[in-house]
file query-v8.tsv (TSV, C-alpha atoms)
chain	number	residue	atom	x	y	z
A	1	MET	CA	-12.92	-9.44	-18.66
A	2	ASP	CA	-13.17	-11.27	-15.32
A	3	LEU	CA	-11.78	-9.30	-12.37
A	4	SER	CA	-13.07	-11.63	-9.65
A	5	HIS	CA	-9.47	-12.53	-8.67
A	6	VAL	CA	-8.61	-8.97	-7.62
A	7	GLN	CA	-8.41	-8.33	-3.87
A	8	LEU	CA	-9.22	-5.02	-2.21
A	9	MET	CA	-6.96	-3.63	0.52
A	10	GLY	CA	-8.87	-1.11	2.61
A	11	ILE	CA	-6.87	1.82	4.00
A	12	LEU	CA	-7.23	2.58	7.71
A	13	ASN	CA	-5.15	5.65	8.60
A	14	ILE	CA	-4.67	5.97	12.36
A	15	THR	CA	-3.05	9.37	11.89
A	16	PRO	CA	-4.00	12.94	12.75
A	17	ASP	CA	-2.33	14.40	9.64
A	18	SER	CA	-3.04	12.22	6.60
A	19	PHE	CA	-3.86	14.61	3.77
A	20	SER	CA	-7.14	12.91	2.87
A	21	ASP	CA	-8.55	11.37	6.04
A	22	GLY	CA	-6.34	12.36	8.96
A	23	GLY	CA	-7.99	12.44	12.37
A	24	LYS	CA	-11.15	10.58	11.38
A	25	LEU	CA	-10.30	7.36	13.22
A	26	ASN	CA	-9.69	8.83	16.65
A	27	SER	CA	-11.63	6.51	18.98
A	28	PRO	CA	-11.99	2.75	19.54
A	29	GLU	CA	-15.55	2.95	18.27
A	30	SER	CA	-14.62	4.72	15.03
A	31	ILE	CA	-11.76	2.29	14.36
A	32	ALA	CA	-13.94	-0.77	14.93
A	33	GLN	CA	-16.74	0.65	12.82
A	34	ALA	CA	-14.39	1.50	9.94
A	35	ALA	CA	-12.85	-1.98	9.99
A	36	LYS	CA	-16.23	-3.72	10.05
A	37	GLN	CA	-17.56	-1.49	7.27
A	38	MET	CA	-14.61	-2.18	4.99
A	39	ILE	CA	-14.94	-5.92	5.53
A	40	ASN	CA	-18.66	-5.79	4.85
A	41	ASP	CA	-17.96	-3.76	1.71
A	42	GLY	CA	-15.57	-6.37	0.32
A	43	ALA	CA	-12.06	-5.76	1.66
A	44	THR	CA	-9.96	-8.90	2.13
A	45	ILE	CA	-6.99	-6.98	3.54
A	46	LEU	CA	-6.94	-4.06	5.99
A	47	ASP	CA	-3.90	-1.77	5.77
A	48	ILE	CA	-3.24	0.11	9.01
A	49	GLY	CA	-1.06	3.21	8.85
A	50	ALA	CA	0.08	5.23	11.86
A	51	GLU	CA	2.52	7.63	10.18
A	52	SER	CA	1.78	9.91	7.24
A	53	SER	CA	4.23	9.85	4.37
A	54	GLY	CA	2.87	12.35	1.88
A	55	PRO	CA	4.61	15.58	0.86
A	56	GLY	CA	4.81	17.93	3.83
A	57	SER	CA	4.43	15.16	6.42
A	58	THR	CA	6.76	14.99	9.41
A	59	ASP	CA	8.61	12.16	11.14
A	60	VAL	CA	6.82	10.28	13.90
A	61	SER	CA	8.86	8.79	16.71
A	62	LEU	CA	8.90	5.04	17.27
A	63	GLN	CA	7.03	5.43	20.54
A	64	GLU	CA	4.36	7.67	19.05
A	65	GLU	CA	3.77	5.23	16.20
A	66	LEU	CA	3.50	2.37	18.69
A	67	ASN	CA	1.07	4.42	20.77
A	68	ARG	CA	-1.14	4.78	17.72
A	69	VAL	CA	-0.91	1.39	16.06
A	70	ILE	CA	-0.91	-1.06	19.00
A	71	PRO	CA	-4.29	0.00	20.49
A	72	ALA	CA	-5.80	0.08	17.00
A	73	LEU	CA	-4.47	-3.39	16.24
A	74	GLU	CA	-5.91	-4.74	19.48
A	75	ILE	CA	-9.32	-3.59	18.24
A	76	ILE	CA	-8.94	-4.74	14.65
A	77	ILE	CA	-7.35	-8.19	15.09
A	78	PRO	CA	-10.43	-9.92	16.59
A	79	ILE	CA	-12.62	-8.40	13.88
A	80	ALA	CA	-10.25	-9.39	11.07
A	81	LYS	CA	-9.65	-12.92	12.35
A	82	LYS	CA	-13.38	-13.53	12.74
A	83	HIS	CA	-13.82	-12.82	9.03
A	84	ASN	CA	-10.55	-14.38	7.85
A	85	ILE	CA	-9.20	-11.00	6.76
A	86	GLN	CA	-5.48	-10.29	6.47
A	87	ILE	CA	-3.93	-7.34	8.31
A	88	SER	CA	-1.25	-5.20	6.71
A	89	ILE	CA	0.87	-2.70	8.64
A	90	ASP	CA	2.05	0.35	6.71
A	91	THR	CA	5.45	1.03	8.28
A	92	TYR	CA	9.15	1.21	7.48
A	93	LYS	CA	10.29	0.72	11.09
A	94	ALA	CA	11.51	-2.77	12.02
A	95	GLU	CA	10.37	-2.57	15.65
A	96	ILE	CA	6.83	-1.62	14.58
A	97	ALA	CA	6.89	-4.62	12.26
A	98	ASN	CA	8.22	-6.88	14.99
A	99	GLN	CA	5.58	-5.97	17.57
A	100	THR	CA	2.63	-5.94	15.17
A	101	LEU	CA	3.60	-9.25	13.57
A	102	GLN	CA	3.87	-10.77	17.05
A	103	MET	CA	0.32	-9.58	17.69
A	104	GLY	CA	-1.00	-11.27	14.56
A	105	ALA	CA	-0.50	-8.94	11.59
A	106	ASP	CA	0.16	-10.71	8.29
A	107	ILE	CA	1.81	-8.22	5.93
A	108	ILE	CA	4.30	-5.36	6.21
A	109	ASN	CA	3.67	-2.65	3.64
A	110	ASP	CA	7.04	-0.88	3.39
A	111	ILE	CA	6.91	2.24	1.23
A	112	THR	CA	10.70	2.54	1.36
A	113	GLY	CA	11.12	-0.85	-0.30
A	114	LEU	CA	13.16	-2.20	2.63
A	115	ARG	CA	15.49	0.83	2.60
A	116	GLY	CA	14.12	2.67	5.64
A	117	ASP	CA	15.41	0.36	8.37
A	118	PRO	CA	18.35	-2.06	8.00
A	119	ASN	CA	16.65	-4.56	10.31
A	120	MET	CA	13.29	-4.68	8.52
A	121	ALA	CA	13.96	-7.57	6.14
A	122	LYS	CA	15.34	-9.81	8.89
A	123	ILE	CA	12.32	-9.10	11.12
A	124	ILE	CA	9.93	-10.00	8.30
A	125	ALA	CA	11.89	-13.17	7.60
A	126	LYS	CA	11.88	-14.12	11.30
A	127	HIS	CA	8.08	-13.98	11.38
A	128	ASN	CA	7.70	-15.59	7.93
A	129	ALA	CA	5.44	-12.67	7.08
A	130	LYS	CA	4.45	-11.20	3.74
A	131	VAL	CA	6.00	-7.96	2.55
A	132	ASP	CA	4.94	-5.36	0.01
A	133	ILE	CA	8.09	-3.92	-1.59
A	134	MET	CA	7.19	-0.56	-3.12
A	135	TYR	CA	9.17	1.56	-5.54
A	136	SER	CA	9.69	5.17	-4.56
A	137	LYS	CA	11.95	7.81	-6.06
A	138	ASP	CA	12.83	8.79	-2.46
A	139	PRO	CA	14.90	6.49	-0.21
A	140	THR	CA	13.04	7.60	2.93
A	141	ALA	CA	9.37	7.70	3.90
A	142	ARG	CA	9.24	11.47	3.47
A	143	THR	CA	7.85	11.75	-0.04
A	144	THR	CA	9.00	14.86	-1.87
A	145	LYS	CA	7.32	16.92	-4.60
A	146	GLU	CA	10.24	16.45	-6.94
A	147	ALA	CA	9.35	16.43	-10.64
A	148	THR	CA	11.51	13.43	-11.41
A	149	LYS	CA	11.99	12.57	-15.08
A	150	TYR	CA	12.60	9.07	-16.49
A	151	ASN	CA	14.04	7.80	-19.73
A	152	ASP	CA	12.01	4.62	-19.15
A	153	VAL	CA	9.93	4.57	-15.97
A	154	ILE	CA	9.11	0.85	-16.13
A	155	ALA	CA	12.76	-0.06	-16.67
A	156	THR	CA	13.72	2.03	-13.63
A	157	ILE	CA	11.04	0.42	-11.46
A	158	THR	CA	11.90	-3.08	-12.69
A	159	GLN	CA	15.58	-2.56	-11.91
A	160	PHE	CA	14.77	-1.29	-8.42
A	161	LEU	CA	12.32	-4.08	-7.61
A	162	THR	CA	14.68	-6.76	-8.93
A	163	LYS	CA	17.46	-5.45	-6.69
A	164	GLN	CA	15.23	-5.25	-3.61
A	165	ILE	CA	13.72	-8.69	-4.23
A	166	GLU	CA	17.21	-10.20	-4.31
A	167	TYR	CA	18.06	-8.30	-1.12
A	168	ALA	CA	14.88	-9.58	0.57
A	169	LYS	CA	15.70	-13.17	-0.37
A	170	SER	CA	19.28	-12.77	0.86
A	171	GLN	CA	17.87	-11.75	4.25
A	172	GLY	CA	15.75	-14.89	4.48
A	173	ILE	CA	12.39	-13.68	3.17
A	174	ASP	CA	10.54	-16.49	1.39
A	175	PRO	CA	9.89	-15.47	-2.25
A	176	LYS	CA	6.32	-16.74	-1.82
A	177	ASN	CA	5.80	-13.91	0.69
A	178	ILE	CA	6.86	-11.07	-1.62
A	179	ILE	CA	4.40	-8.60	-3.15
A	180	ILE	CA	5.58	-5.83	-5.48
A	181	ASP	CA	4.22	-2.31	-5.85
A	182	PRO	CA	5.25	0.21	-8.54
A	183	GLY	CA	4.28	3.23	-6.45
A	184	MET	CA	2.06	6.00	-7.78
A	185	GLY	CA	1.70	9.77	-7.72
A	186	ALA	CA	4.44	11.66	-5.85
A	187	PHE	CA	6.21	8.39	-5.06
A	188	ILE	CA	7.03	8.30	-8.79
A	189	SER	CA	7.07	11.99	-9.71
A	190	THR	CA	4.85	15.05	-9.54
A	191	ILE	CA	4.65	14.73	-13.32
A	192	PRO	CA	1.39	12.73	-13.69
A	193	LYS	CA	2.17	11.18	-17.07
A	194	TYR	CA	4.56	8.67	-15.50
A	195	SER	CA	1.88	7.21	-13.22
A	196	TYR	CA	-0.43	6.75	-16.20
A	197	GLU	CA	2.36	5.19	-18.24
A	198	ILE	CA	2.88	2.66	-15.44
A	199	LEU	CA	-0.80	1.73	-15.59
A	200	ASP	CA	-0.58	1.34	-19.38
A	201	ARG	CA	2.52	-0.89	-19.11
A	202	LEU	CA	1.65	-2.78	-15.94
A	203	GLN	CA	1.85	-6.14	-17.70
A	204	GLU	CA	5.60	-5.66	-18.05
A	205	LEU	CA	5.95	-5.83	-14.26
A	206	LYS	CA	4.04	-9.13	-14.22
A	207	GLN	CA	7.13	-10.66	-15.81
A	208	LEU	CA	8.78	-10.48	-12.38
A	209	SER	CA	6.28	-13.20	-11.34
A	210	PHE	CA	5.17	-11.71	-8.03
A	211	PRO	CA	1.70	-10.57	-6.90
A	212	LEU	CA	1.24	-6.95	-7.89
A	213	LEU	CA	-0.29	-4.29	-5.64
A	214	VAL	CA	-1.39	-0.92	-7.05
A	215	GLY	CA	-2.75	2.07	-5.15
A	216	THR	CA	-3.87	5.04	-7.24
A	217	SER	CA	-6.32	6.05	-4.50
A	218	LEU	CA	-6.22	9.80	-3.77
A	219	LYS	CA	-2.78	10.28	-5.31
A	220	SER	CA	-1.68	13.56	-6.86
A	221	MET	CA	-1.63	11.93	-10.30
A	222	HIS	CA	-5.32	12.84	-10.50
A	223	PRO	CA	-5.53	16.49	-11.65
A	224	PHE	CA	-8.66	17.23	-9.64
A	225	PRO	CA	-9.52	18.47	-6.14
A	226	LEU	CA	-9.71	15.72	-3.49
A	227	LYS	CA	-13.51	15.84	-3.44
A	228	ASP	CA	-13.62	15.06	-7.17
A	229	ARG	CA	-11.21	12.12	-7.27
A	230	LEU	CA	-13.58	9.18	-6.67
A	231	ILE	CA	-14.41	8.48	-10.32
A	232	PRO	CA	-10.82	9.00	-11.52
A	233	ARG	CA	-9.47	6.65	-8.86
A	234	ILE	CA	-12.05	3.97	-9.72
A	235	ALA	CA	-11.21	4.34	-13.42
A	236	THR	CA	-7.48	3.96	-12.78
A	237	ALA	CA	-8.05	1.08	-10.37
A	238	LEU	CA	-10.04	-0.77	-13.03
A	239	GLN	CA	-7.27	-0.13	-15.54
A	240	ALA	CA	-4.74	-1.53	-13.07
A	241	ALA	CA	-6.89	-4.62	-12.46
A	242	GLN	CA	-7.40	-5.21	-16.17
A	243	ASN	CA	-3.65	-4.93	-16.76
A	244	GLY	CA	-2.66	-7.43	-14.09
A	245	ALA	CA	-2.93	-5.97	-10.59
A	246	ASN	CA	-3.75	-8.60	-7.97
A	247	ILE	CA	-4.42	-6.19	-5.09
A	248	LEU	CA	-5.90	-2.69	-5.19
A	249	ARG	CA	-5.17	-0.43	-2.20
A	250	VAL	CA	-8.21	1.83	-1.82
A	251	HIS	CA	-10.01	4.20	0.52
A	252	GLN	CA	-13.58	3.60	-0.72
A	253	VAL	CA	-13.95	-0.18	-0.66
A	254	LYS	CA	-17.65	-0.36	-1.50
A	255	GLU	CA	-17.40	1.71	-4.65
A	256	HIS	CA	-14.37	-0.19	-5.92
A	257	LYS	CA	-16.04	-3.53	-5.16
A	258	LEU	CA	-19.09	-2.51	-7.16
A	259	ALA	CA	-16.88	-1.47	-10.07
A	260	LEU	CA	-14.96	-4.77	-10.00
A	261	SER	CA	-18.18	-6.78	-9.64
A	262	THR	CA	-19.44	-5.27	-12.89
A	263	PHE	CA	-16.82	-7.35	-14.70
A	264	GLN	CA	-17.12	-10.61	-12.74
A	265	ASN	CA	-18.38	-13.40	-14.98
call {"tool": "encode", "arguments": {"input": "query-v8.tsv", "output": "structure tokens"}}
result
Amino acid sequence: MDLSHVQLMGILNITPDSFSDGGKLNSPESIAQAAKQMINDGATILDIGAESSGPGSTDVSLQEELNRVIPALEIIIPIAKKHNIQISIDTYKAEIANQTLQMGADIINDITGLRGDPNMAKIIAKHNAKVDIMYSKDPTARTTKEATKYNDVIATITQFLTKQIEYAKSQGIDPKNIIIDPGMGAFISTIPKYSYEILDRLQELKQLSFPLLVGTSLKSMHPFPLKDRLIPRIATALQAAQNGANILRVHQVKEHKLALSTFQN
């Protein structure tokens, strides 16, 4: 098993209320240090988020999100470009995408799967940027704790992604710029078995022929307290990589890099 092809996307939450790490990156120094550390630890993509989307999170205005993400991006861009690292922006708002892509971001990570803003796809196409289209049971960024049930979870995700891929292409997005993401945890359901079934059947999504991003991270699918989720998240990340994931979205880059390196031939 050779997992040397798998990229690590390091998560940088510029938010005061993220359930796992909110408020930690609250100064230029802490943002720069976190970015440099993730790059040194093996991240090839940095994913910057300025609005929480987990259960219980609240809407952030466009201006507030800009106030958070623009200064952070000004700090991170020189660091990322120096090391040839891609920058992803975790947002569903087209104007956030427009301004950050103009500044030099490379990817828009849209957890609504291009449903949150009717202008998002056209903005991404205008900049010829990459986009991560993620499945979510909820049409908005406010993830609920609904215990959704599926007759066939992979069939549901495949149908959704196929529809949104066709929509993206109809709006001018180059298919070469599309990344797909099955979602995990509460984005799927608060019933954990579905997230694990996705990991087991991940190869079926590879038939769509797009790069596949998976983020088990600190998701609720792990039936343990937050402080005890490192080993479970590494185990599930390795399973995702073995079953075809091209990109792993993670909080602890160093630990995941060490785990992947164990299987590099």
call {"tool": "closest_atom_pairs", "arguments": {"input": "query-v8.tsv", "of": "range 76-110 of chain A", "to": "range 133-139 of chain A", "cutoff": "9 Å", "atoms": "only C-alpha atoms", "output": "JSON lines"}}
result
{"residue": "A:Ile108", "atom": "CA", "partner": "A:Ile133", "partner_atom": "CA", "distance": 8.8}
{"residue": "A:Asn109", "atom": "CA", "partner": "A:Ile133", "partner_atom": "CA", "distance": 7.0}
{"residue": "A:Asp110", "atom": "CA", "partner": "A:Ile133", "partner_atom": "CA", "distance": 5.9}
call {"tool": "write_last_selection", "arguments": {"input": "query-v8.tsv", "atoms": "C-alpha atoms", "output": "JSON list (two decimals), keeping the file's coordinate frame"}}
result
[["chain", "number", "residue", "atom", "x", "y", "z"],
["A", 108, "ILE", "CA", 4.30, -5.36, 6.21],
["A", 109, "ASN", "CA", 3.67, -2.65, 3.64],
["A", 110, "ASP", "CA", 7.04, -0.88, 3.39]]
call {"tool": "residues_around", "arguments": {"input": "query-v8.tsv", "residues": "Ala237 in chain A", "least_positions_apart": "2", "cutoff": "10 Å", "atoms": "only C-alpha atoms", "output": "short mmCIF file (atom, residue, chain, number, x, y, z; two decimals) with C-alpha atoms, in the frame of the given file"}}
result
data_model
loop_
_atom_site.label_atom_id
_atom_site.label_comp_id
_atom_site.auth_asym_id
_atom_site.auth_seq_id
_atom_site.Cartn_x
_atom_site.Cartn_y
_atom_site.Cartn_z
CA LEU A 199 -0.80 1.73 -15.59
CA VAL A 214 -1.39 -0.92 -7.05
CA GLY A 215 -2.75 2.07 -5.15
CA THR A 216 -3.87 5.04 -7.24
CA SER A 217 -6.32 6.05 -4.50
CA ILE A 231 -14.41 8.48 -10.32
CA PRO A 232 -10.82 9.00 -11.52
CA ARG A 233 -9.47 6.65 -8.86
CA ILE A 234 -12.05 3.97 -9.72
CA ALA A 235 -11.21 4.34 -13.42
CA GLN A 239 -7.27 -0.13 -15.54
CA ALA A 240 -4.74 -1.53 -13.07
CA ALA A 241 -6.89 -4.62 -12.46
CA GLN A 242 -7.40 -5.21 -16.17
CA ASN A 243 -3.65 -4.93 -16.76
CA ALA A 245 -2.93 -5.97 -10.59
CA ILE A 247 -4.42 -6.19 -5.09
CA LEU A 248 -5.90 -2.69 -5.19
CA ARG A 249 -5.17 -0.43 -2.20
CA VAL A 250 -8.21 1.83 -1.82
CA HIS A 256 -14.37 -0.19 -5.92
CA ALA A 259 -16.88 -1.47 -10.07
CA LEU A 260 -14.96 -4.77 -10.00
#
call {"tool": "residues_around", "arguments": {"input": "query-v8.tsv", "residues": "Gln37 in chain A", "least_positions_apart": "4", "cutoff": "10 Å", "atoms": "all atoms listed in the file", "output": "mmCIF file with C-alpha atoms, in the frame of the given file"}}
result
data_model
loop_
_atom_site.group_PDB
_atom_site.id
_atom_site.type_symbol
_atom_site.label_atom_id
_atom_site.label_comp_id
_atom_site.auth_asym_id
_atom_site.auth_seq_id
_atom_site.Cartn_x
_atom_site.Cartn_y
_atom_site.Cartn_z
ATOM 1 C CA GLY A 10 -8.870 -1.110 2.610
ATOM 2 C CA ILE A 31 -11.760 2.290 14.360
ATOM 3 C CA ALA A 32 -13.940 -0.770 14.930
ATOM 4 C CA GLN A 33 -16.740 0.650 12.820
ATOM 5 C CA ASP A 41 -17.960 -3.760 1.710
ATOM 6 C CA GLY A 42 -15.570 -6.370 0.320
ATOM 7 C CA ALA A 43 -12.060 -5.760 1.660
ATOM 8 C CA VAL A 253 -13.950 -0.180 -0.660
ATOM 9 C CA LYS A 254 -17.650 -0.360 -1.500
#
call {"tool": "atom_distance", "arguments": {"input": "query-v8.tsv", "atom1": "CA of Ser209 in chain A", "atom2": "CA of Thr44 in chain A"}}
result
21.5 Å
call {"tool": "closest_residue", "arguments": {"input": "query-v8.tsv", "among": "A:Leu202, A:Leu12, A:Ile191, A:Ala147", "to": "Ile89 in chain A", "atoms": "all atoms listed in the file"}}
result
A:Leu12
call {"tool": "residues_around", "arguments": {"input": "query-v8.tsv", "residues": "Ala168 in chain A", "least_positions_apart": "4", "cutoff": "9 Å", "atoms": "only C-alpha atoms", "output": "count of residues only"}}
result
11
call {"tool": "residues_around", "arguments": {"input": "query-v8.tsv", "residues": "Pro118 in chain A", "least_positions_apart": "4", "cutoff": "12 Å", "atoms": "all atoms listed in the file", "output": "mmCIF file with C-alpha atoms, in the frame of the given file"}}
result
data_model
loop_
_atom_site.group_PDB
_atom_site.id
_atom_site.type_symbol
_atom_site.label_atom_id
_atom_site.label_comp_id
_atom_site.auth_asym_id
_atom_site.auth_seq_id
_atom_site.Cartn_x
_atom_site.Cartn_y
_atom_site.Cartn_z
ATOM 1 C CA TYR A 92 9.150 1.210 7.480
ATOM 2 C CA LYS A 93 10.290 0.720 11.090
ATOM 3 C CA ALA A 94 11.510 -2.770 12.020
ATOM 4 C CA GLU A 95 10.370 -2.570 15.650
ATOM 5 C CA THR A 112 10.700 2.540 1.360
ATOM 6 C CA GLY A 113 11.120 -0.850 -0.300
ATOM 7 C CA LEU A 114 13.160 -2.200 2.630
ATOM 8 C CA LYS A 122 15.340 -9.810 8.890
ATOM 9 C CA ILE A 123 12.320 -9.100 11.120
ATOM 10 C CA ILE A 124 9.930 -10.000 8.300
ATOM 11 C CA TYR A 167 18.060 -8.300 -1.120
ATOM 12 C CA ALA A 168 14.880 -9.580 0.570
ATOM 13 C CA GLN A 171 17.870 -11.750 4.250
#
call {"tool": "atom_distance", "arguments": {"input": "query-v8.tsv", "atom1": "CA of Ser4 in chain A", "atom2": "CA of Thr158 in chain A"}}
result
26.6 Å
call {"tool": "closest_residue", "arguments": {"input": "query-v8.tsv", "among": "A:Asp132, A:Asp228, A:Glu255, A:Glu65", "to": "Thr100 in chain A", "atoms": "all atoms listed in the file"}}
result
A:Glu65
call {"tool": "residues_around", "arguments": {"input": "query-v8.tsv", "residues": "range 61-64 of chain A", "least_positions_apart": "5", "cutoff": "12 Å", "atoms": "all atoms listed in the file", "output": "ChimeraX atom specification"}}
result
/A:14-16,50-52,69-71,91-97,99,117
call {"tool": "closest_residue", "arguments": {"input": "query-v8.tsv", "among": "A:Ala186, A:Leu161, A:Ile198, A:Val131", "to": "Thr148 in chain A", "atoms": "only C-alpha atoms"}}
result
A:Ala186
call {"tool": "residues_near_point", "arguments": {"input": "query-v8.tsv", "point": "(-5.2, -10.2, 3.7)", "cutoff": "9 Å", "atoms": "all atoms listed in the file", "output": "list in words"}}
result
Gln7, Leu8, Met9, Ala43, Thr44, Ile45, Leu46, Asp47, Ala80, Asn84, Ile85, Gln86, Ile87, Ser88, Asp106 and Ile107 of chain A
call {"tool": "write_last_selection", "arguments": {"input": "query-v8.tsv", "atoms": "C-alpha atoms", "output": "tab-separated table (two decimals), keeping the file's coordinate frame"}}
result
chain	number	residue	atom	x	y	z
A	7	GLN	CA	-8.41	-8.33	-3.87
A	8	LEU	CA	-9.22	-5.02	-2.21
A	9	MET	CA	-6.96	-3.63	0.52
A	43	ALA	CA	-12.06	-5.76	1.66
A	44	THR	CA	-9.96	-8.90	2.13
A	45	ILE	CA	-6.99	-6.98	3.54
A	46	LEU	CA	-6.94	-4.06	5.99
A	47	ASP	CA	-3.90	-1.77	5.77
A	80	ALA	CA	-10.25	-9.39	11.07
A	84	ASN	CA	-10.55	-14.38	7.85
A	85	ILE	CA	-9.20	-11.00	6.76
A	86	GLN	CA	-5.48	-10.29	6.47
A	87	ILE	CA	-3.93	-7.34	8.31
A	88	SER	CA	-1.25	-5.20	6.71
A	106	ASP	CA	0.16	-10.71	8.29
A	107	ILE	CA	1.81	-8.22	5.93
call {"tool": "closest_residue", "arguments": {"input": "query-v8.tsv", "among": "A:Lys206, A:His127, A:Lys169, A:His83", "to": "Asn40 in chain A", "atoms": "only C-alpha atoms"}}
result
A:His83
call {"tool": "atom_distance", "arguments": {"input": "query-v8.tsv", "atom1": "CA of Glu146 in chain A", "atom2": "CA of Ser195 in chain A"}}
result
14.0 Å
call {"tool": "closest_residue", "arguments": {"input": "query-v8.tsv", "among": "A:Gly116, A:His251, A:Leu208, A:Thr162", "to": "Ala35 in chain A", "atoms": "all atoms listed in the file"}}
result
A:His251
call {"tool": "closest_residue", "arguments": {"input": "query-v8.tsv", "among": "A:Pro192, A:Thr144, A:Arg229, A:Gly244", "to": "Leu212 in chain A", "atoms": "all atoms listed in the file"}}
result
A:Gly244
